[in-house]
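One file, query_31.cif, is given below (mmCIF, C-alpha atoms, pLDDT in the B column; chains and numbers go by the auth columns).
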```
data_my_file
loop_
_atom_site.group_PDB
_atom_site.id
_atom_site.type_symbol
_atom_site.label_atom_id
_atom_site.label_comp_id
_atom_site.label_asym_id
_atom_site.label_seq_id
_atom_site.Cartn_x
_atom_site.Cartn_y
_atom_site.Cartn_z
_atom_site.B_iso_or_equiv
_atom_site.auth_seq_id
_atom_site.auth_asym_id
ATOM 1 C CA MET A 1 97.775 95.501 96.874 48.00 1 A
ATOM 2 C CA SER A 2 98.006 99.273 96.890 47.00 2 A
ATOM 3 C CA ASN A 3 101.133 101.289 97.475 61.00 3 A
ATOM 4 C CA PHE A 4 102.248 101.065 101.074 61.00 4 A
ATOM 5 C CA GLN A 5 102.133 104.222 103.123 61.00 5 A
ATOM 6 C CA SER A 6 103.656 104.286 106.574 58.00 6 A
ATOM 7 C CA PRO A 7 100.938 105.011 109.112 57.00 7 A
ATOM 8 C CA ARG A 8 100.886 108.541 110.450 59.00 8 A
ATOM 9 C CA GLY A 9 101.896 108.937 114.057 61.00 9 A
ATOM 10 C CA LEU A 10 104.745 106.405 113.940 61.00 10 A
ATOM 11 C CA PRO A 11 107.396 107.194 116.502 64.00 11 A
ATOM 12 C CA ILE A 12 110.432 108.855 114.931 73.00 12 A
ATOM 13 C CA LYS A 13 112.870 106.000 115.128 86.00 13 A
ATOM 14 C CA HIS A 14 116.285 106.086 113.510 89.00 14 A
ATOM 15 C CA ILE A 15 119.067 103.540 113.336 91.00 15 A
ATOM 16 C CA LYS A 16 122.568 103.676 111.929 93.00 16 A
ATOM 17 C CA ILE A 17 124.085 100.840 109.921 93.00 17 A
ATOM 18 C CA GLY A 18 127.655 101.359 108.832 90.00 18 A
ATOM 19 C CA ASP A 19 127.884 104.831 107.332 90.00 19 A
ATOM 20 C CA LEU A 20 124.151 105.226 106.624 93.00 20 A
ATOM 21 C CA ARG A 21 121.195 106.371 108.684 94.00 21 A
ATOM 22 C CA PHE A 22 117.733 104.774 108.324 95.00 22 A
ATOM 23 C CA ARG A 23 114.288 105.629 109.665 93.00 23 A
ATOM 24 C CA LEU A 24 111.344 103.376 110.557 94.00 24 A
ATOM 25 C CA PHE A 25 109.206 102.563 107.517 94.00 25 A
ATOM 26 C CA ILE A 26 107.127 99.380 108.060 95.00 26 A
ATOM 27 C CA PRO A 27 106.628 98.299 111.674 95.00 27 A
ATOM 28 C CA GLU A 28 106.774 94.639 112.689 96.00 28 A
ATOM 29 C CA SER A 29 103.044 94.546 113.528 95.00 29 A
ATOM 30 C CA ILE A 30 102.074 95.504 109.963 96.00 30 A
ATOM 31 C CA ILE A 31 104.489 92.955 108.490 97.00 31 A
ATOM 32 C CA GLU A 32 103.039 90.213 110.705 97.00 32 A
ATOM 33 C CA GLU A 33 99.456 91.101 109.755 97.00 33 A
ATOM 34 C CA ARG A 34 100.230 90.936 106.032 97.00 34 A
ATOM 35 C CA ILE A 35 102.089 87.631 106.407 97.00 35 A
ATOM 36 C CA GLN A 36 99.009 86.093 108.032 97.00 36 A
ATOM 37 C CA GLU A 37 96.907 87.171 105.030 97.00 37 A
ATOM 38 C CA LEU A 38 99.402 85.825 102.487 98.00 38 A
ATOM 39 C CA ALA A 39 99.898 82.556 104.393 97.00 39 A
ATOM 40 C CA LYS A 40 96.155 81.913 104.404 97.00 40 A
ATOM 41 C CA SER A 41 96.000 82.281 100.597 97.00 41 A
ATOM 42 C CA ILE A 42 99.090 80.122 100.025 97.00 42 A
ATOM 43 C CA LYS A 43 97.803 77.387 102.340 96.00 43 A
ATOM 44 C CA SER A 44 94.500 77.291 100.469 96.00 44 A
ATOM 45 C CA ASP A 45 96.111 77.308 97.004 97.00 45 A
ATOM 46 C CA TYR A 46 98.670 74.592 97.778 96.00 46 A
ATOM 47 C CA ARG A 47 96.560 72.256 99.914 94.00 47 A
ATOM 48 C CA GLY A 48 97.413 68.681 98.909 94.00 48 A
ATOM 49 C CA LYS A 49 100.017 69.774 96.315 95.00 49 A
ATOM 50 C CA ASN A 50 103.224 69.319 98.369 95.00 50 A
ATOM 51 C CA PRO A 51 105.038 72.201 96.638 97.00 51 A
ATOM 52 C CA ILE A 52 108.753 72.783 96.481 97.00 52 A
ATOM 53 C CA ILE A 53 109.263 76.092 98.267 98.00 53 A
ATOM 54 C CA ILE A 54 112.399 77.878 97.089 98.00 54 A
ATOM 55 C CA CYS A 55 113.715 80.508 99.466 97.00 55 A
ATOM 56 C CA VAL A 56 115.949 83.079 97.767 96.00 56 A
ATOM 57 C CA LEU A 57 118.850 83.581 100.167 94.00 57 A
ATOM 58 C CA LYS A 58 119.814 85.475 102.109 92.00 58 A
ATOM 59 C CA GLY A 59 117.138 88.138 102.279 93.00 59 A
ATOM 60 C CA ALA A 60 114.008 85.980 102.134 97.00 60 A
ATOM 61 C CA ILE A 61 114.924 83.609 104.990 96.00 61 A
ATOM 62 C CA LEU A 62 112.788 85.347 107.642 97.00 62 A
ATOM 63 C CA PHE A 63 109.873 85.923 105.267 98.00 63 A
ATOM 64 C CA THR A 64 109.959 82.283 104.115 97.00 64 A
ATOM 65 C CA SER A 65 110.112 80.952 107.650 97.00 65 A
ATOM 66 C CA ASP A 66 107.238 83.127 108.854 97.00 66 A
ATOM 67 C CA LEU A 67 105.063 82.354 105.796 96.00 67 A
ATOM 68 C CA VAL A 68 105.559 78.592 106.086 96.00 68 A
ATOM 69 C CA LYS A 69 104.856 78.626 109.838 96.00 69 A
ATOM 70 C CA ALA A 70 101.832 80.934 109.606 95.00 70 A
ATOM 71 C CA GLY A 71 100.253 78.887 106.832 93.00 71 A
ATOM 72 C CA GLU A 72 101.394 75.505 108.142 93.00 72 A
ATOM 73 C CA ILE A 73 102.375 74.887 104.523 91.00 73 A
ATOM 74 C CA ASP A 74 103.228 71.264 103.837 88.00 74 A
ATOM 75 C CA GLY A 75 106.015 71.317 101.287 92.00 75 A
ATOM 76 C CA GLN A 76 109.653 70.659 100.627 95.00 76 A
ATOM 77 C CA ILE A 77 111.927 73.642 101.285 97.00 77 A
ATOM 78 C CA ASP A 78 115.014 74.343 99.203 97.00 78 A
ATOM 79 C CA PHE A 79 117.349 77.306 98.834 97.00 79 A
ATOM 80 C CA VAL A 80 118.942 79.315 96.047 96.00 80 A
ATOM 81 C CA ARG A 81 121.358 82.183 96.375 93.00 81 A
ATOM 82 C CA LEU A 82 121.343 84.840 93.677 87.00 82 A
ATOM 83 C CA SER A 83 123.203 88.115 93.571 78.00 83 A
ATOM 84 C CA SER A 84 122.632 91.306 91.618 71.00 84 A
ATOM 85 C CA TYR A 85 123.560 93.959 94.206 60.00 85 A
ATOM 86 C CA ASP A 86 126.682 95.857 95.145 59.00 86 A
ATOM 87 C CA GLY A 87 126.105 97.910 98.301 54.00 87 A
ATOM 88 C CA THR A 88 122.886 99.892 97.689 52.00 88 A
ATOM 89 C CA THR A 89 123.010 99.572 93.898 59.00 89 A
ATOM 90 C CA SER A 90 121.488 96.902 91.651 59.00 90 A
ATOM 91 C CA THR A 91 123.942 95.689 89.018 60.00 91 A
ATOM 92 C CA GLU A 92 123.315 94.563 85.437 69.00 92 A
ATOM 93 C CA LYS A 93 124.415 90.969 86.020 77.00 93 A
ATOM 94 C CA VAL A 94 122.743 88.090 87.931 80.00 94 A
ATOM 95 C CA LYS A 95 124.972 85.511 89.555 80.00 95 A
ATOM 96 C CA GLU A 96 123.690 82.148 90.848 83.00 96 A
ATOM 97 C CA LEU A 97 125.916 81.579 93.876 81.00 97 A
ATOM 98 C CA MET A 98 124.088 78.456 95.121 91.00 98 A
ATOM 99 C CA SER A 99 121.601 76.260 93.249 88.00 99 A
ATOM 100 C CA ILE A 100 118.655 74.247 94.535 93.00 100 A
ATOM 101 C CA ALA A 101 119.196 70.536 95.111 91.00 101 A
ATOM 102 C CA SER A 102 115.619 69.519 94.259 93.00 102 A
ATOM 103 C CA ASP A 103 114.368 68.078 90.985 95.00 103 A
ATOM 104 C CA ILE A 104 111.369 70.283 90.175 97.00 104 A
ATOM 105 C CA LYS A 105 110.154 68.482 87.047 97.00 105 A
ATOM 106 C CA GLY A 106 106.448 67.709 87.439 97.00 106 A
ATOM 107 C CA ARG A 107 106.215 69.573 90.771 97.00 107 A
ATOM 108 C CA HIS A 108 104.494 72.758 91.913 98.00 108 A
ATOM 109 C CA VAL A 109 107.071 75.420 92.792 98.00 109 A
ATOM 110 C CA LEU A 110 106.709 78.502 94.976 98.00 110 A
ATOM 111 C CA VAL A 111 109.627 80.939 94.911 98.00 111 A
ATOM 112 C CA ILE A 112 109.843 83.277 97.896 98.00 112 A
ATOM 113 C CA GLU A 113 111.807 86.525 97.532 97.00 113 A
ATOM 114 C CA ASP A 114 112.318 89.476 99.855 96.00 114 A
ATOM 115 C CA ILE A 115 112.196 92.365 97.381 95.00 115 A
ATOM 116 C CA VAL A 116 111.614 92.937 93.677 95.00 116 A
ATOM 117 C CA ASP A 117 113.049 96.167 92.333 90.00 117 A
ATOM 118 C CA THR A 118 114.238 96.058 88.704 90.00 118 A
ATOM 119 C CA GLY A 119 112.945 92.476 88.362 92.00 119 A
ATOM 120 C CA ARG A 120 116.135 91.413 86.581 90.00 120 A
ATOM 121 C CA THR A 121 117.059 88.690 89.096 89.00 121 A
ATOM 122 C CA LEU A 122 113.633 87.059 89.117 93.00 122 A
ATOM 123 C CA ASP A 123 113.132 87.395 85.371 93.00 123 A
ATOM 124 C CA TYR A 124 116.345 85.424 84.927 90.00 124 A
ATOM 125 C CA TYR A 125 115.598 82.870 87.641 94.00 125 A
ATOM 126 C CA LEU A 126 111.942 82.153 86.845 95.00 126 A
ATOM 127 C CA LYS A 127 112.810 81.541 83.171 94.00 127 A
ATOM 128 C CA HIS A 128 115.575 79.181 84.350 92.00 128 A
ATOM 129 C CA LEU A 129 113.103 77.241 86.537 96.00 129 A
ATOM 130 C CA LYS A 130 110.441 76.964 83.817 96.00 130 A
ATOM 131 C CA LYS A 131 112.945 75.218 81.525 96.00 131 A
ATOM 132 C CA GLN A 132 112.987 72.380 84.078 96.00 132 A
ATOM 133 C CA GLU A 133 109.308 71.556 83.371 97.00 133 A
ATOM 134 C CA PRO A 134 107.607 72.096 86.738 98.00 134 A
ATOM 135 C CA LEU A 135 103.795 71.815 86.920 98.00 135 A
ATOM 136 C CA SER A 136 103.630 75.445 88.023 97.00 136 A
ATOM 137 C CA VAL A 137 105.894 78.248 89.211 98.00 137 A
ATOM 138 C CA GLU A 138 104.514 81.061 91.358 98.00 138 A
ATOM 139 C CA LEU A 139 106.196 83.907 93.194 98.00 139 A
ATOM 140 C CA ALA A 140 105.729 85.382 96.659 98.00 140 A
ATOM 141 C CA ALA A 141 107.548 88.629 97.435 98.00 141 A
ATOM 142 C CA LEU A 142 107.477 90.758 100.549 98.00 142 A
ATOM 143 C CA LEU A 143 108.193 94.036 98.738 98.00 143 A
ATOM 144 C CA LEU A 144 107.852 95.411 95.208 97.00 144 A
ATOM 145 C CA LYS A 145 109.223 98.729 93.922 96.00 145 A
ATOM 146 C CA PRO A 146 106.972 99.446 90.898 96.00 146 A
ATOM 147 C CA ASP A 147 108.892 102.619 89.966 94.00 147 A
ATOM 148 C CA ALA A 148 112.145 100.641 89.622 93.00 148 A
ATOM 149 C CA LEU A 149 110.677 97.692 87.678 94.00 149 A
ATOM 150 C CA LYS A 150 112.306 97.110 84.281 93.00 150 A
ATOM 151 C CA PHE A 151 111.483 93.427 83.802 93.00 151 A
ATOM 152 C CA PRO A 152 107.801 92.484 84.245 89.00 152 A
ATOM 153 C CA VAL A 153 107.428 89.864 86.973 93.00 153 A
ATOM 154 C CA ASP A 154 104.132 88.228 87.941 95.00 154 A
ATOM 155 C CA ILE A 155 103.916 88.212 91.753 97.00 155 A
ATOM 156 C CA LYS A 156 100.968 86.112 92.913 98.00 156 A
ATOM 157 C CA TYR A 157 101.518 86.739 96.635 98.00 157 A
ATOM 158 C CA LEU A 158 102.697 90.304 97.314 98.00 158 A
ATOM 159 C CA GLY A 159 103.260 91.901 100.677 97.00 159 A
ATOM 160 C CA PHE A 160 103.662 95.611 99.911 97.00 160 A
ATOM 161 C CA LYS A 161 104.341 97.991 97.028 97.00 161 A
ATOM 162 C CA ILE A 162 106.833 100.622 98.147 96.00 162 A
ATOM 163 C CA PRO A 163 108.538 103.701 96.635 94.00 163 A
ATOM 164 C CA ASP A 164 111.960 103.283 95.041 93.00 164 A
ATOM 165 C CA LEU A 165 113.860 103.618 98.327 91.00 165 A
ATOM 166 C CA PHE A 166 116.670 101.547 99.774 93.00 166 A
ATOM 167 C CA VAL A 167 115.330 99.529 102.728 96.00 167 A
ATOM 168 C CA VAL A 168 116.798 97.258 105.404 97.00 168 A
ATOM 169 C CA GLY A 169 115.482 94.970 108.117 97.00 169 A
ATOM 170 C CA TYR A 170 113.411 91.800 108.260 97.00 170 A
ATOM 171 C CA GLY A 171 115.980 89.948 106.150 96.00 171 A
ATOM 172 C CA LEU A 172 117.028 92.879 103.968 95.00 172 A
ATOM 173 C CA ASP A 173 120.570 94.117 104.463 93.00 173 A
ATOM 174 C CA TYR A 174 123.044 96.879 103.839 92.00 174 A
ATOM 175 C CA ASN A 175 126.423 95.232 103.230 90.00 175 A
ATOM 176 C CA GLU A 176 125.307 92.168 105.259 91.00 176 A
ATOM 177 C CA SER A 177 124.109 94.194 108.260 93.00 177 A
ATOM 178 C CA GLY A 178 120.559 94.869 109.446 94.00 178 A
ATOM 179 C CA ARG A 179 118.923 91.569 108.438 95.00 179 A
ATOM 180 C CA GLY A 180 117.828 90.724 111.990 95.00 180 A
ATOM 181 C CA LEU A 181 115.831 93.912 112.576 96.00 181 A
ATOM 182 C CA ARG A 182 112.137 93.195 113.244 96.00 182 A
ATOM 183 C CA ASP A 183 110.923 96.329 111.438 96.00 183 A
ATOM 184 C CA ILE A 184 111.765 97.582 107.948 97.00 184 A
ATOM 185 C CA TYR A 185 113.665 100.861 107.713 96.00 185 A
ATOM 186 C CA GLN A 186 114.144 103.225 104.762 94.00 186 A
ATOM 187 C CA LEU A 187 117.304 105.099 103.929 93.00 187 A
ATOM 188 C CA ASP A 188 116.979 108.466 105.640 87.00 188 A
ATOM 189 C CA LEU A 189 117.398 111.125 102.972 68.00 189 A
ATOM 190 C CA PRO A 190 116.859 114.825 103.723 54.00 190 A
ATOM 191 C CA ASP A 191 114.120 115.206 101.070 45.00 191 A
ATOM 192 C CA VAL A 192 112.247 111.932 101.772 44.00 192 A
ATOM 193 C CA GLY A 193 109.637 111.763 104.511 39.00 193 A
ATOM 194 C CA LEU A 194 107.452 109.019 105.880 36.00 194 A
ATOM 195 C CA TYR A 195 104.469 108.156 103.742 34.00 195 A
#
```
For the structure just supplied, provide its representation as structure tokens.
Amino acid sequence: MSNFQSPRGLPIKHIKIGDLRFRLFIPESIIEERIQELAKSIKSDYRGKNPIIICVLKGAILFTSDLVKAGEIDGQIDFVRLSSYDGTTSTEKVKELMSIASDIKGRHVLVIEDIVDTGRTLDYYLKHLKKQEPLSVELAALLLKPDALKFPVDIKYLGFKIPDLFVVGYGLDYNESGRGLRDIYQLDLPDVGLY
């Protein structure tokens, strides 16, 4: 997956969330198209395996739902809630606010995350899961910020690589607002244009 560049000719669309202004970055139609591609691969790879699908709350809820529906993936869904953000800044510490209820020993596991930036959260969590002796653990992520990555994370199913920008929409939030937006928006900075 190459670095995502917003298509030229997008309408100039801005929104305001709290005290920040954002501009359109990835339109809903492009997100939907990529989800169809990822869902097809996941369906093929997990056919007959009945995986445990772990949605990382809260940001990945829409992505997880759309992937599972698009791929008609037959698996058990569970949820974990991890935190490593304060406002627009990633912190040094990962907190597990809610754990999965499933026993993953001897099972195939697919973790679905909204965004990977430093990789700290997933590095911590994937190591934690592997100690529980699953048959396999794979990762699907909607977005990856390669320039921010400090902990190498193997993402088998990746939506888009994006610049190191703060983004909201399609499950991603700014202080718990903006998750329900259909498109993804980037923080509107004076020196940052559309790609």
Of the residues A:Pro152, A:Pro163, A:Gly18, A:Gly71, which is the one nearest to Ser44 of chain A, using all atoms listed in the file?
->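 Ranked by minimum distance to Ser44 of chain A, first place goes to A:Gly71.
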For the structure provided, state which residues fall under the PyMOL selection byres ((chain A and resi 54) around 8), and present them as an mmCIF file with C-alpha atoms, in the frame of the given file.
```cif
data_model
loop_
_atom_site.group_PDB
_atom_site.id
_atom_site.type_symbol
_atom_site.label_atom_id
_atom_site.label_comp_id
_atom_site.auth_asym_id
_atom_site.auth_seq_id
_atom_site.Cartn_x
_atom_site.Cartn_y
_atom_site.Cartn_z
ATOM 1 C CA ILE A 52 108.753 72.783 96.481
ATOM 2 C CA ILE A 53 109.263 76.092 98.267
ATOM 3 C CA CYS A 55 113.715 80.508 99.466
ATOM 4 C CA VAL A 56 115.949 83.079 97.767
ATOM 5 C CA ILE A 77 111.927 73.642 101.285
ATOM 6 C CA ASP A 78 115.014 74.343 99.203
ATOM 7 C CA PHE A 79 117.349 77.306 98.834
ATOM 8 C CA VAL A 80 118.942 79.315 96.047
ATOM 9 C CA ILE A 100 118.655 74.247 94.535
ATOM 10 C CA VAL A 109 107.071 75.420 92.792
ATOM 11 C CA LEU A 110 106.709 78.502 94.976
ATOM 12 C CA VAL A 111 109.627 80.939 94.911
ATOM 13 C CA ILE A 112 109.843 83.277 97.896
#
```
I'd like the residues picked by the PyMOL selection byres ((chain A and resi 176) around 12) written out as a PDB file with C-alpha atoms, in the coordinates of the input, using the chain letters and numbers from the file.
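Now in selection.pdb:
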```
ATOM      1  CA  ILE A  17     124.085 100.840 109.921  1.00 93.00           C
ATOM      2  CA  GLY A  18     127.655 101.359 108.832  1.00 90.00           C
ATOM      3  CA  LEU A  57     118.850  83.581 100.167  1.00 94.00           C
ATOM      4  CA  LYS A  58     119.814  85.475 102.109  1.00 92.00           C
ATOM      5  CA  GLY A  59     117.138  88.138 102.279  1.00 93.00           C
ATOM      6  CA  TYR A  85     123.560  93.959  94.206  1.00 60.00           C
ATOM      7  CA  ASP A  86     126.682  95.857  95.145  1.00 59.00           C
ATOM      8  CA  GLY A  87     126.105  97.910  98.301  1.00 54.00           C
ATOM      9  CA  THR A  88     122.886  99.892  97.689  1.00 52.00           C
ATOM     10  CA  VAL A 168     116.798  97.258 105.404  1.00 97.00           C
ATOM     11  CA  GLY A 169     115.482  94.970 108.117  1.00 97.00           C
ATOM     12  CA  GLY A 171     115.980  89.948 106.150  1.00 96.00           C
ATOM     13  CA  LEU A 172     117.028  92.879 103.968  1.00 95.00           C
ATOM     14  CA  ASP A 173     120.570  94.117 104.463  1.00 93.00           C
ATOM     15  CA  TYR A 174     123.044  96.879 103.839  1.00 92.00           C
ATOM     16  CA  ASN A 175     126.423  95.232 103.230  1.00 90.00           C
ATOM     17  CA  SER A 177     124.109  94.194 108.260  1.00 93.00           C
ATOM     18  CA  GLY A 178     120.559  94.869 109.446  1.00 94.00           C
ATOM     19  CA  ARG A 179     118.923  91.569 108.438  1.00 95.00           C
ATOM     20  CA  GLY A 180     117.828  90.724 111.990  1.00 95.00           C
TER      21      GLY A 180
END
```
The PyMOL selection byres ((chain A and resi 74) around 12) on the file shown: which residues, as a count of residues only?
-> 24
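Minimum atom-to-atom distance to Leu20 of chain A, evaluated using only C-alpha atoms, belongs to A:Val167 out of A:Ile184, A:Leu82, A:Val167, A:Val94.
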For Lys105 of chain A, list every protein, DNA or RNA residue within 10 Å, evaluated using all atoms listed in the file, and leave out those in the same chain fewer than 4 positions away; present the list as a PDB file with C-alpha atoms, in the coordinates of the input.
```pdb
ATOM      1  CA  VAL A 109     107.071  75.420  92.792  1.00 98.00           C
ATOM      2  CA  LEU A 129     113.103  77.241  86.537  1.00 96.00           C
ATOM      3  CA  LYS A 130     110.441  76.964  83.817  1.00 96.00           C
ATOM      4  CA  LYS A 131     112.945  75.218  81.525  1.00 96.00           C
ATOM      5  CA  GLN A 132     112.987  72.380  84.078  1.00 96.00           C
ATOM      6  CA  GLU A 133     109.308  71.556  83.371  1.00 97.00           C
ATOM      7  CA  PRO A 134     107.607  72.096  86.738  1.00 98.00           C
ATOM      8  CA  LEU A 135     103.795  71.815  86.920  1.00 98.00           C
ATOM      9  CA  SER A 136     103.630  75.445  88.023  1.00 97.00           C
TER      10      SER A 136
END
```
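The shell of residues at most 10 Å from Asp123 of chain A, with all atoms listed in the file counted and near chain neighbours (fewer than 4 positions) removed, consists of A:Val94, A:Thr118, A:Gly119, A:Lys127, A:His128, A:Lys150, A:Phe151, A:Pro152, A:Val153, A:Asp154.
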For Ile35 of chain A, please output as a PyMOL selection string all residues within 12 Å (counting all atoms listed in the file; exclusion window: fewer than 4 positions along the same chain).
-> chain A and resi 28-31+39-43+62-71+140-143+157-160
Kindly output segment 14-31 of chain A as a short mmCIF file (atom, residue, chain, number, x, y, z; two decimals), in the coordinates of the input, after building N, CA and C atoms.
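Result file result.cif:
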```cif
data_model
loop_
_atom_site.label_atom_id
_atom_site.label_comp_id
_atom_site.auth_asym_id
_atom_site.auth_seq_id
_atom_site.Cartn_x
_atom_site.Cartn_y
_atom_site.Cartn_z
N HIS A 14 115.17 106.16 114.43
CA HIS A 14 116.28 106.09 113.51
C HIS A 14 117.28 105.04 113.98
N ILE A 15 117.96 104.44 113.02
CA ILE A 15 119.07 103.54 113.34
C ILE A 15 120.21 103.88 112.40
N LYS A 16 121.40 103.48 112.78
CA LYS A 16 122.57 103.68 111.93
C LYS A 16 123.17 102.32 111.63
N ILE A 17 123.42 102.07 110.35
CA ILE A 17 124.08 100.84 109.92
C ILE A 17 125.27 101.27 109.07
N GLY A 18 126.45 100.93 109.54
CA GLY A 18 127.66 101.36 108.83
C GLY A 18 127.68 102.87 108.75
N ASP A 19 127.79 103.39 107.54
CA ASP A 19 127.88 104.83 107.33
C ASP A 19 126.54 105.48 106.98
N LEU A 20 125.45 104.70 107.03
CA LEU A 20 124.15 105.23 106.62
C LEU A 20 123.16 105.27 107.79
N ARG A 21 122.23 106.21 107.67
CA ARG A 21 121.20 106.37 108.68
C ARG A 21 119.85 105.99 108.04
N PHE A 22 119.03 105.25 108.80
CA PHE A 22 117.73 104.77 108.32
C PHE A 22 116.65 105.19 109.31
N ARG A 23 115.43 105.32 108.79
CA ARG A 23 114.29 105.63 109.66
C ARG A 23 113.20 104.57 109.50
N LEU A 24 112.41 104.38 110.54
CA LEU A 24 111.34 103.38 110.56
C LEU A 24 110.39 103.60 109.38
N PHE A 25 110.08 102.48 108.69
CA PHE A 25 109.21 102.56 107.52
C PHE A 25 108.00 101.63 107.66
N ILE A 26 108.23 100.33 107.87
CA ILE A 26 107.13 99.38 108.06
C ILE A 26 107.34 98.66 109.39
N PRO A 27 106.48 98.93 110.36
CA PRO A 27 106.63 98.30 111.67
C PRO A 27 106.34 96.80 111.63
N GLU A 28 106.92 96.09 112.58
CA GLU A 28 106.77 94.64 112.69
C GLU A 28 105.31 94.21 112.70
N SER A 29 104.46 94.94 113.41
CA SER A 29 103.04 94.55 113.53
C SER A 29 102.35 94.52 112.16
N ILE A 30 102.68 95.45 111.29
CA ILE A 30 102.07 95.50 109.96
C ILE A 30 102.61 94.37 109.09
N ILE A 31 103.89 94.08 109.22
CA ILE A 31 104.49 92.96 108.49
C ILE A 31 103.80 91.65 108.90
#
```
